[in-house]
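Peer 1: This one is work_30.cif, mmCIF, C-alpha atoms.
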data_protein
loop_
_atom_site.group_PDB
_atom_site.id
_atom_site.type_symbol
_atom_site.label_atom_id
_atom_site.label_comp_id
_atom_site.auth_asym_id
_atom_site.auth_seq_id
_atom_site.Cartn_x
_atom_site.Cartn_y
_atom_site.Cartn_z
ATOM 1 C CA MET A 258 -1.520 -42.848 -7.213
ATOM 2 C CA TRP A 259 -3.299 -41.159 -4.307
ATOM 3 C CA THR A 260 -0.903 -42.508 -1.661
ATOM 4 C CA TRP A 261 1.007 -39.211 -1.426
ATOM 5 C CA PHE A 262 -2.288 -37.338 -0.959
ATOM 6 C CA PHE A 263 -3.518 -39.504 1.881
ATOM 7 C CA ARG A 264 -0.059 -39.484 3.479
ATOM 8 C CA LEU A 265 -0.697 -35.775 4.023
ATOM 9 C CA ALA A 266 -3.465 -36.820 6.406
ATOM 10 C CA SER A 267 -0.906 -38.299 8.785
ATOM 11 C CA PRO A 268 -0.023 -35.769 11.545
ATOM 12 C CA PRO A 269 3.470 -37.198 12.261
ATOM 13 C CA TYR A 270 4.278 -37.071 8.536
ATOM 14 C CA VAL A 271 3.029 -33.476 8.276
ATOM 15 C CA TYR A 272 4.909 -32.450 11.446
ATOM 16 C CA ARG A 273 8.225 -33.904 10.266
ATOM 17 C CA SER A 274 7.846 -32.711 6.659
ATOM 18 C CA ALA A 275 7.068 -29.168 7.837
ATOM 19 C CA ALA A 276 10.182 -29.195 10.030
ATOM 20 C CA ALA A 277 12.332 -30.395 7.131
ATOM 21 C CA LEU A 278 10.906 -27.912 4.614
ATOM 22 C CA THR A 279 11.097 -24.751 6.763
ATOM 23 C CA PRO A 280 14.857 -23.982 6.343
ATOM 24 C CA TRP A 281 14.673 -24.628 2.587
ATOM 25 C CA PHE A 282 11.732 -22.299 2.108
ATOM 26 C CA MET A 283 13.308 -19.656 4.353
ATOM 27 C CA THR A 284 16.660 -19.770 2.515
ATOM 28 C CA VAL A 285 15.079 -19.452 -0.940
ATOM 29 C CA ALA A 286 12.793 -16.676 0.378
ATOM 30 C CA ALA A 287 15.718 -14.697 1.832
ATOM 31 C CA ILE A 288 17.780 -14.984 -1.369
ATOM 32 C CA ALA A 289 14.842 -14.184 -3.675
ATOM 33 C CA ILE A 290 13.657 -11.199 -1.615
ATOM 34 C CA ALA A 291 17.230 -9.818 -1.387
ATOM 35 C CA CYS A 292 17.690 -10.168 -5.188
ATOM 36 C CA GLY A 293 14.212 -8.713 -5.806
ATOM 37 C CA LEU A 294 14.964 -5.699 -3.598
ATOM 38 C CA ILE A 295 18.278 -5.002 -5.336
ATOM 39 C CA GLY A 296 16.636 -5.404 -8.736
ATOM 40 C CA GLY A 297 13.550 -3.360 -7.835
ATOM 41 C CA LEU A 298 15.193 -0.535 -5.922
ATOM 42 C CA ARG A 299 18.545 -0.185 -7.711
ATOM 43 C CA LEU A 300 18.587 -1.839 -11.126
ATOM 44 C CA ALA A 301 15.089 -1.256 -12.538
ATOM 45 C CA PRO A 302 14.731 2.105 -14.327
ATOM 46 C CA PRO A 303 12.130 4.643 -13.135
ATOM 47 C CA ASP A 304 8.737 4.445 -14.843
ATOM 48 C CA TYR A 305 8.237 7.060 -17.568
ATOM 49 C CA GLN A 306 4.926 8.178 -16.017
ATOM 50 C CA GLN A 307 5.145 7.337 -12.312
ATOM 51 C CA GLY A 308 8.858 7.894 -11.781
ATOM 52 C CA ASP A 309 10.304 6.125 -8.747
ATOM 53 C CA ALA A 310 6.879 5.801 -7.097
ATOM 54 C CA PHE A 311 6.268 2.753 -9.274
ATOM 55 C CA ARG A 312 8.832 0.850 -7.133
ATOM 56 C CA ILE A 313 6.037 0.314 -4.592
ATOM 57 C CA ILE A 314 4.903 -2.375 -7.053
ATOM 58 C CA TYR A 315 7.677 -4.652 -5.708
ATOM 59 C CA VAL A 316 5.926 -5.022 -2.360
ATOM 60 C CA HIS A 317 2.338 -4.186 -3.309
ATOM 61 C CA VAL A 318 1.801 -6.747 -6.081
ATOM 62 C CA PRO A 319 3.455 -9.695 -4.271
ATOM 63 C CA SER A 320 1.451 -8.988 -1.103
ATOM 64 C CA ALA A 321 -1.811 -8.594 -3.070
ATOM 65 C CA TYR A 322 -1.093 -11.797 -4.985
ATOM 66 C CA MET A 323 -0.333 -13.634 -1.743
ATOM 67 C CA SER A 324 -3.563 -12.349 -0.165
ATOM 68 C CA LEU A 325 -5.516 -14.126 -2.943
ATOM 69 C CA PHE A 326 -3.271 -17.189 -2.961
ATOM 70 C CA CYS A 327 -3.570 -17.665 0.809
ATOM 71 C CA TYR A 328 -7.353 -17.295 0.739
ATOM 72 C CA THR A 329 -7.685 -19.789 -2.103
ATOM 73 C CA THR A 330 -5.369 -22.203 -0.256
ATOM 74 C CA MET A 331 -7.487 -21.784 2.875
ATOM 75 C CA ALA A 332 -10.722 -22.459 0.980
ATOM 76 C CA VAL A 333 -9.303 -25.503 -0.856
ATOM 77 C CA ALA A 334 -7.906 -26.885 2.419
ATOM 78 C CA GLY A 335 -11.283 -26.285 4.059
ATOM 79 C CA ALA A 336 -13.065 -28.120 1.231
ATOM 80 C CA ILE A 337 -10.618 -31.060 1.493
ATOM 81 C CA GLY A 338 -11.248 -31.143 5.242
ATOM 82 C CA LEU A 339 -15.025 -31.186 4.757
ATOM 83 C CA ILE A 340 -15.028 -33.755 1.929
ATOM 84 C CA TRP A 341 -12.357 -36.219 3.094
ATOM 85 C CA ARG A 342 -12.463 -35.321 6.816
ATOM 86 C CA ILE A 343 -8.716 -34.771 6.843
ATOM 87 C CA LYS A 344 -7.820 -32.975 10.070
ATOM 88 C CA MET A 345 -4.491 -31.777 8.697
ATOM 89 C CA ALA A 346 -6.327 -29.852 5.981
ATOM 90 C CA TYR A 347 -8.094 -27.862 8.718
ATOM 91 C CA ALA A 348 -4.712 -27.347 10.399
ATOM 92 C CA LEU A 349 -3.294 -25.965 7.144
ATOM 93 C CA ALA A 350 -6.284 -23.635 6.766
ATOM 94 C CA ALA A 351 -5.835 -22.407 10.347
ATOM 95 C CA ALA A 352 -2.092 -21.877 9.801
ATOM 96 C CA THR A 353 -2.693 -19.964 6.557
ATOM 97 C CA ALA A 354 -5.324 -17.503 7.822
ATOM 98 C CA PRO A 355 -3.140 -15.091 9.861
ATOM 99 C CA VAL A 356 -0.430 -15.063 7.186
ATOM 100 C CA GLY A 357 -2.987 -14.281 4.478
ATOM 101 C CA ALA A 358 -4.597 -11.582 6.617
ATOM 102 C CA SER A 359 -1.225 -9.891 7.153
ATOM 103 C CA PHE A 360 -0.515 -9.918 3.396
ATOM 104 C CA THR A 361 -3.974 -8.456 2.732
ATOM 105 C CA ALA A 362 -3.407 -5.650 5.238
ATOM 106 C CA LEU A 363 0.011 -4.979 3.675
ATOM 107 C CA ALA A 364 -1.507 -4.869 0.172
ATOM 108 C CA LEU A 365 -4.145 -2.380 1.342
ATOM 109 C CA VAL A 366 -1.673 -0.083 3.120
ATOM 110 C CA THR A 367 0.963 -0.135 0.357
ATOM 111 C CA GLY A 368 -1.798 0.404 -2.230
ATOM 112 C CA SER A 369 -3.038 3.341 -0.218
ATOM 113 C CA LEU A 370 0.485 4.829 -0.034
ATOM 114 C CA TRP A 371 0.839 4.346 -3.784
ATOM 115 C CA GLY A 372 -2.592 5.849 -4.426
ATOM 116 C CA LYS A 373 -1.826 9.180 -2.772
ATOM 117 C CA PRO A 374 0.841 10.385 -5.262
ATOM 118 C CA MET A 375 -0.860 8.755 -8.285
ATOM 119 C CA TRP A 376 -4.587 9.318 -7.664
ATOM 120 C CA GLY A 377 -4.368 12.174 -5.163
ATOM 121 C CA THR A 378 -6.067 10.174 -2.410
ATOM 122 C CA TYR A 379 -5.160 7.453 0.051
ATOM 123 C CA TRP A 380 -8.495 5.707 -0.370
ATOM 124 C CA ALA A 381 -11.353 5.533 -2.873
ATOM 125 C CA TRP A 382 -14.384 3.225 -2.794
ATOM 126 C CA ASP A 383 -13.069 1.645 -5.949
ATOM 127 C CA PRO A 384 -14.153 -1.955 -6.831
ATOM 128 C CA ARG A 385 -10.617 -3.381 -6.469
ATOM 129 C CA LEU A 386 -9.920 -1.617 -3.167
ATOM 130 C CA THR A 387 -13.331 -2.382 -1.717
ATOM 131 C CA SER A 388 -13.239 -6.071 -2.652
ATOM 132 C CA GLU A 389 -9.722 -6.367 -1.179
ATOM 133 C CA LEU A 390 -11.013 -4.749 2.032
ATOM 134 C CA ILE A 391 -13.847 -7.317 2.079
ATOM 135 C CA LEU A 392 -11.167 -10.022 1.792
ATOM 136 C CA LEU A 393 -9.530 -8.675 4.957
ATOM 137 C CA PHE A 394 -12.910 -8.844 6.742
ATOM 138 C CA LEU A 395 -13.344 -12.432 5.495
ATOM 139 C CA TYR A 396 -9.966 -13.376 6.948
ATOM 140 C CA ALA A 397 -10.963 -11.735 10.237
ATOM 141 C CA GLY A 398 -14.254 -13.662 10.170
ATOM 142 C CA VAL A 399 -12.573 -17.004 9.518
ATOM 143 C CA MET A 400 -9.974 -16.414 12.240
ATOM 144 C CA SER A 401 -12.545 -15.399 14.841
ATOM 145 C CA LEU A 402 -15.083 -18.089 13.906
ATOM 146 C CA ARG A 403 -12.751 -21.040 14.542
ATOM 147 C CA PRO A 404 -12.198 -20.426 18.291
ATOM 148 C CA ALA A 405 -15.829 -19.309 18.792
ATOM 149 C CA PHE A 406 -16.971 -22.933 19.188
ATOM 150 C CA GLU A 407 -16.302 -25.042 22.264
ATOM 151 C CA ASP A 408 -15.878 -28.093 20.050
ATOM 152 C CA PRO A 409 -12.757 -27.452 17.881
ATOM 153 C CA ALA A 410 -14.062 -29.818 15.161
ATOM 154 C CA ARG A 411 -17.212 -27.692 14.776
ATOM 155 C CA GLY A 412 -15.076 -24.560 14.716
ATOM 156 C CA ASP A 413 -12.969 -26.051 11.925
ATOM 157 C CA ARG A 414 -16.047 -26.958 9.878
ATOM 158 C CA ALA A 415 -17.652 -23.531 10.353
ATOM 159 C CA ALA A 416 -14.428 -21.747 9.373
ATOM 160 C CA ALA A 417 -14.072 -24.024 6.327
ATOM 161 C CA LEU A 418 -17.638 -23.228 5.236
ATOM 162 C CA LEU A 419 -17.095 -19.479 5.602
ATOM 163 C CA SER A 420 -13.822 -19.634 3.656
ATOM 164 C CA ILE A 421 -15.505 -21.636 0.864
ATOM 165 C CA VAL A 422 -18.403 -19.171 0.649
ATOM 166 C CA GLY A 423 -15.974 -16.238 0.733
ATOM 167 C CA VAL A 424 -13.817 -17.608 -2.081
ATOM 168 C CA VAL A 425 -16.335 -16.074 -4.501
ATOM 169 C CA ASN A 426 -14.623 -12.785 -3.644
ATOM 170 C CA VAL A 427 -11.312 -13.949 -5.155
ATOM 171 C CA PRO A 428 -12.367 -13.756 -8.855
ATOM 172 C CA ILE A 429 -14.270 -10.553 -8.038
ATOM 173 C CA ILE A 430 -11.018 -8.975 -6.803
ATOM 174 C CA HIS A 431 -9.072 -10.283 -9.781
ATOM 175 C CA TYR A 432 -11.526 -9.223 -12.494
ATOM 176 C CA SER A 433 -12.887 -6.067 -10.787
ATOM 177 C CA VAL A 434 -10.606 -3.881 -12.919
ATOM 178 C CA GLN A 435 -12.143 -5.380 -16.081
ATOM 179 C CA TRP A 436 -15.772 -5.643 -14.964
ATOM 180 C CA TRP A 437 -16.172 -2.115 -13.582
ATOM 181 C CA ASN A 438 -14.728 1.322 -14.171
ATOM 182 C CA SER A 439 -11.800 1.497 -11.815
ATOM 183 C CA LEU A 440 -9.056 3.875 -10.778
ATOM 184 C CA HIS A 441 -6.859 0.821 -10.340
ATOM 185 C CA GLN A 442 -4.623 -0.212 -13.216
ATOM 186 C CA GLY A 443 -5.140 -3.519 -15.019
ATOM 187 C CA ALA A 444 -3.222 -6.759 -14.540
ATOM 188 C CA THR A 445 0.520 -6.155 -14.146
ATOM 189 C CA ILE A 446 1.677 -9.575 -15.265
ATOM 190 C CA ALA A 447 0.133 -11.233 -18.297
ATOM 191 C CA LYS A 448 -0.483 -14.935 -17.688
ATOM 192 C CA ILE A 449 -0.867 -15.601 -21.394
ATOM 193 C CA GLY A 450 1.288 -13.833 -23.954
ATOM 194 C CA LYS A 451 3.969 -11.212 -23.498
ATOM 195 C CA SER A 452 3.849 -9.003 -20.417
ATOM 196 C CA GLU A 453 3.564 -5.253 -20.978
ATOM 197 C CA MET A 454 6.349 -4.660 -18.458
ATOM 198 C CA PRO A 455 9.894 -4.500 -19.816
ATOM 199 C CA GLY A 456 12.183 -7.292 -18.658
ATOM 200 C CA SER A 457 14.317 -4.981 -16.503
ATOM 201 C CA MET A 458 11.227 -4.152 -14.407
ATOM 202 C CA LEU A 459 9.607 -7.573 -14.608
ATOM 203 C CA TRP A 460 12.337 -9.857 -13.292
ATOM 204 C CA PRO A 461 12.584 -8.184 -9.866
ATOM 205 C CA LEU A 462 8.798 -8.445 -9.560
ATOM 206 C CA LEU A 463 8.785 -12.154 -10.400
ATOM 207 C CA THR A 464 11.714 -12.681 -8.003
ATOM 208 C CA MET A 465 9.842 -10.903 -5.205
ATOM 209 C CA LEU A 466 6.785 -13.050 -5.966
ATOM 210 C CA LEU A 467 8.915 -16.183 -5.622
ATOM 211 C CA GLY A 468 10.368 -14.809 -2.394
ATOM 212 C CA PHE A 469 6.932 -14.067 -0.911
ATOM 213 C CA MET A 470 5.666 -17.531 -1.950
ATOM 214 C CA CYS A 471 8.610 -19.268 -0.263
ATOM 215 C CA PHE A 472 8.255 -16.990 2.758
ATOM 216 C CA TYR A 473 4.625 -18.070 3.042
ATOM 217 C CA GLY A 474 5.784 -21.702 2.783
ATOM 218 C CA ALA A 475 8.289 -21.240 5.615
ATOM 219 C CA VAL A 476 5.924 -19.396 7.951
ATOM 220 C CA VAL A 477 3.051 -21.795 7.314
ATOM 221 C CA CYS A 478 5.330 -24.771 8.021
ATOM 222 C CA ILE A 479 6.225 -23.268 11.429
ATOM 223 C CA ARG A 480 2.566 -22.462 12.208
ATOM 224 C CA LEU A 481 1.463 -25.873 10.958
ATOM 225 C CA ARG A 482 3.782 -27.581 13.430
ATOM 226 C CA GLY A 483 2.171 -25.545 16.217
ATOM 227 C CA GLU A 484 -1.309 -26.476 14.958
ATOM 228 C CA VAL A 485 -0.353 -30.177 14.822
ATOM 229 C CA LEU A 486 0.991 -30.064 18.387
ATOM 230 C CA ASN A 487 -2.161 -28.324 19.631
ATOM 231 C CA ARG A 488 -4.463 -30.787 17.910
ATOM 232 C CA GLU A 489 -2.481 -33.972 18.635
ATOM 233 C CA ARG A 490 -1.096 -33.187 22.090
ATOM 234 C CA ARG A 491 -2.669 -36.292 23.591
ATOM 235 C CA SER A 492 -1.164 -38.611 20.964
ATOM 236 C CA ALA A 493 1.696 -40.913 21.863
ATOM 237 C CA TRP A 494 3.805 -39.818 18.880
ATOM 238 C CA VAL A 495 3.683 -36.159 20.011
ATOM 239 C CA ARG A 496 4.918 -37.163 23.469
ATOM 240 C CA GLU A 497 7.695 -39.201 21.902
ATOM 241 C CA ALA A 498 8.633 -36.355 19.537
ATOM 242 C CA ILE A 499 8.790 -33.823 22.376
ATOM 243 C CA LYS A 500 10.753 -36.160 24.661
ATOM 244 C CA SER A 501 13.327 -36.830 21.947
ATOM 245 C CA MET B 199 21.510 10.890 -2.396
ATOM 246 C CA ASN B 200 19.153 10.567 -5.375
ATOM 247 C CA PHE B 201 18.556 6.952 -4.465
ATOM 248 C CA TRP B 202 17.162 7.831 -1.008
ATOM 249 C CA ALA B 203 15.101 10.692 -2.443
ATOM 250 C CA MET B 204 13.333 8.276 -4.834
ATOM 251 C CA GLY B 205 12.683 11.087 -7.292
ATOM 252 C CA GLY B 206 10.655 12.986 -4.682
ATOM 253 C CA TYR B 207 8.498 9.994 -3.722
ATOM 254 C CA ALA B 208 10.613 8.884 -0.736
ATOM 255 C CA ARG B 209 7.836 9.487 1.803
ATOM 256 C CA PHE B 210 5.630 7.011 -0.063
ATOM 257 C CA VAL B 211 8.173 4.431 -1.253
ATOM 258 C CA TRP B 212 10.230 3.866 1.908
ATOM 259 C CA PRO B 213 7.288 3.445 4.303
ATOM 260 C CA CYS B 214 5.965 0.714 1.963
ATOM 261 C CA PHE B 215 9.219 -1.221 2.081
ATOM 262 C CA GLY B 216 9.577 -0.576 5.827
ATOM 263 C CA LEU B 217 6.050 -1.859 6.465
ATOM 264 C CA ALA B 218 6.674 -4.915 4.302
ATOM 265 C CA GLY B 219 9.782 -5.677 6.375
ATOM 266 C CA LEU B 220 7.789 -5.278 9.582
ATOM 267 C CA VAL B 221 4.989 -7.549 8.342
ATOM 268 C CA LEU B 222 7.454 -10.269 7.280
ATOM 269 C CA ALA B 223 9.303 -10.011 10.609
ATOM 270 C CA TRP B 224 6.026 -10.140 12.561
ATOM 271 C CA ASN B 225 4.986 -13.254 10.644
ATOM 272 C CA VAL B 226 8.194 -15.100 11.548
ATOM 273 C CA TRP B 227 8.046 -13.937 15.180
ATOM 274 C CA SER B 228 4.379 -14.829 15.690
ATOM 275 C CA ALA B 229 4.705 -18.217 13.953
ATOM 276 C CA ARG B 230 7.698 -19.151 16.120
ATOM 277 C CA ARG B 231 5.884 -17.937 19.238
ATOM 278 C CA PHE B 232 2.791 -19.950 18.287
ATOM 279 C CA HIS B 233 4.863 -23.101 17.779
ATOM 280 C CA ALA B 234 6.835 -22.552 21.001
ATOM 281 C CA ALA B 235 3.615 -22.038 22.990
ATOM 282 C CA ALA B 236 2.154 -25.280 21.599
ATOM 283 C CA ARG B 237 5.358 -27.110 22.514
ATOM 284 C CA VAL B 238 5.275 -25.718 26.064
ATOM 285 C CA ARG B 239 1.661 -26.897 26.454
ATOM 286 C CA VAL B 240 2.655 -30.433 25.439
ATOM 287 C CA GLU B 241 5.683 -30.386 27.771
ATOM 288 C CA ARG B 242 3.501 -29.234 30.692
ATOM 289 C CA ALA B 243 0.981 -31.975 29.953
ATOM 290 C CA LEU B 244 3.847 -34.478 29.870
ATOM 291 C CA LEU B 245 5.167 -33.258 33.225
ATOM 292 C CA MET B 246 1.702 -33.546 34.799
ATOM 293 C CA THR B 247 1.237 -37.117 33.577
ATOM 294 C CA ASP B 248 4.752 -38.046 34.792
ATOM 295 C CA GLU B 249 3.930 -36.708 38.265
#
Hey, can you dump this file as structure tokens for me?
Peer 2:
Amino acid sequence: MWTWFFRLASPPYVYRSAAALTPWFMTVAAIAIACGLIGGLRLAPPDYQQGDAFRIIYVHVPSAYMSLFCYTTMAVAGAIGLIWRIKMAYALAAATAPVGASFTALALVTGSLWGKPMWGTYWAWDPRLTSELILLFLYAGVMSLRPAFEDPARGDRAAALLSIVGVVNVPIIHYSVQWWNSLHQGATIAKIGKSEMPGSMLWPLLTMLLGFMCFYGAVVCIRLRGEVLNRERRSAWVREAIKS
Amino acid sequence: MNFWAMGGYARFVWPCFGLAGLVLAWNVWSARRFHAAARVRVERALLMTDE
């Protein structure tokens, strides 16, 4: 039952699988993002309160969602690395960090650009905005902690620990709009029950989400191959793979 | 014309989509560069051991 899981610990398997998956992820991402953009910018009607400014949702929500998804992935990979001592889990965490940080920065900037016409300000020390900013600092911490150690294995463990500790921020970001008074609106997509968004506005958002997820998959596969080469460069299989 | 004006919110909407495009492009570029650099390091190490 667990064979597939432990196969993920094999660097050659990870390297080859990542190479095979990249074009698939990239193709689905390109199609989904193109459809999402057409749906979001052309086909969806303007919001009755926010007008066309609401269209920022089609990049803001997917990037914010990905910022949380990437951090959770990083923390889970770090935990797997610490518990089962799987080096490839650390490689996945290292490959995910810069992608997640870029999505977090994008969520903050697009949120800020959306905030100006709706709230009258680019920035407020609101619980959702502040906790998302803390997430960006956590990403920066994880990315700078890993190379701070001479021994890469210690760097991996330290970064994994920080990402696990920092994962407490993920539910804080998600529930901040419910726990505290916030300028930020509530959840856009209902996980249980019917969404408050009409279908004509919802489908482009879900399509963009799919596109961003597949884009993350493609980029992480490319980065993961680089991580595997860096970590396994003295292995015979890497030399064989490069020669062929 | 109305489409580009975005109901008067063009200066907020278009920069968001432009930035998103830039971030996605940067991700692909930096990931490819990272992978290529790792590959070059392995090739150099191979050359040194061959010599």
Peer 1: Would you kindly report the residues of chain A within 10 Å of chain B, using only C-alpha atoms, as JSON, numbers by chain?
Peer 2: {"A": [283, 294, 298, 299, 303, 307, 308, 309, 310, 311, 312, 313, 314, 315, 316, 317, 320, 352, 355, 356, 359, 360, 362, 363, 364, 366, 367, 368, 369, 370, 371, 372, 373, 374, 469, 472, 473, 475, 476, 477, 478, 479, 480, 481, 482, 483, 484, 485, 486, 487, 488, 489, 490, 491, 495, 496, 499, 500]}
Peer 1: I'd like the interatomic distance between atom CA of A:Leu459 and atom CA of A:Leu300, to a tenth of an Å.
Peer 2: 11.2 Å
Peer 1: Using only C-alpha atoms for the distances, tell me which of A:Gly296, A:Ser501, A:Leu419, A:Gly474 is nearest to A:Thr284.
Peer 2: A:Gly474
Peer 1: Can you tell me how far atom CA of A:Leu402 sits from atom CA of A:Ser492, in Å to one decimal?
Peer 2: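 It comes out at 25.8 Å.
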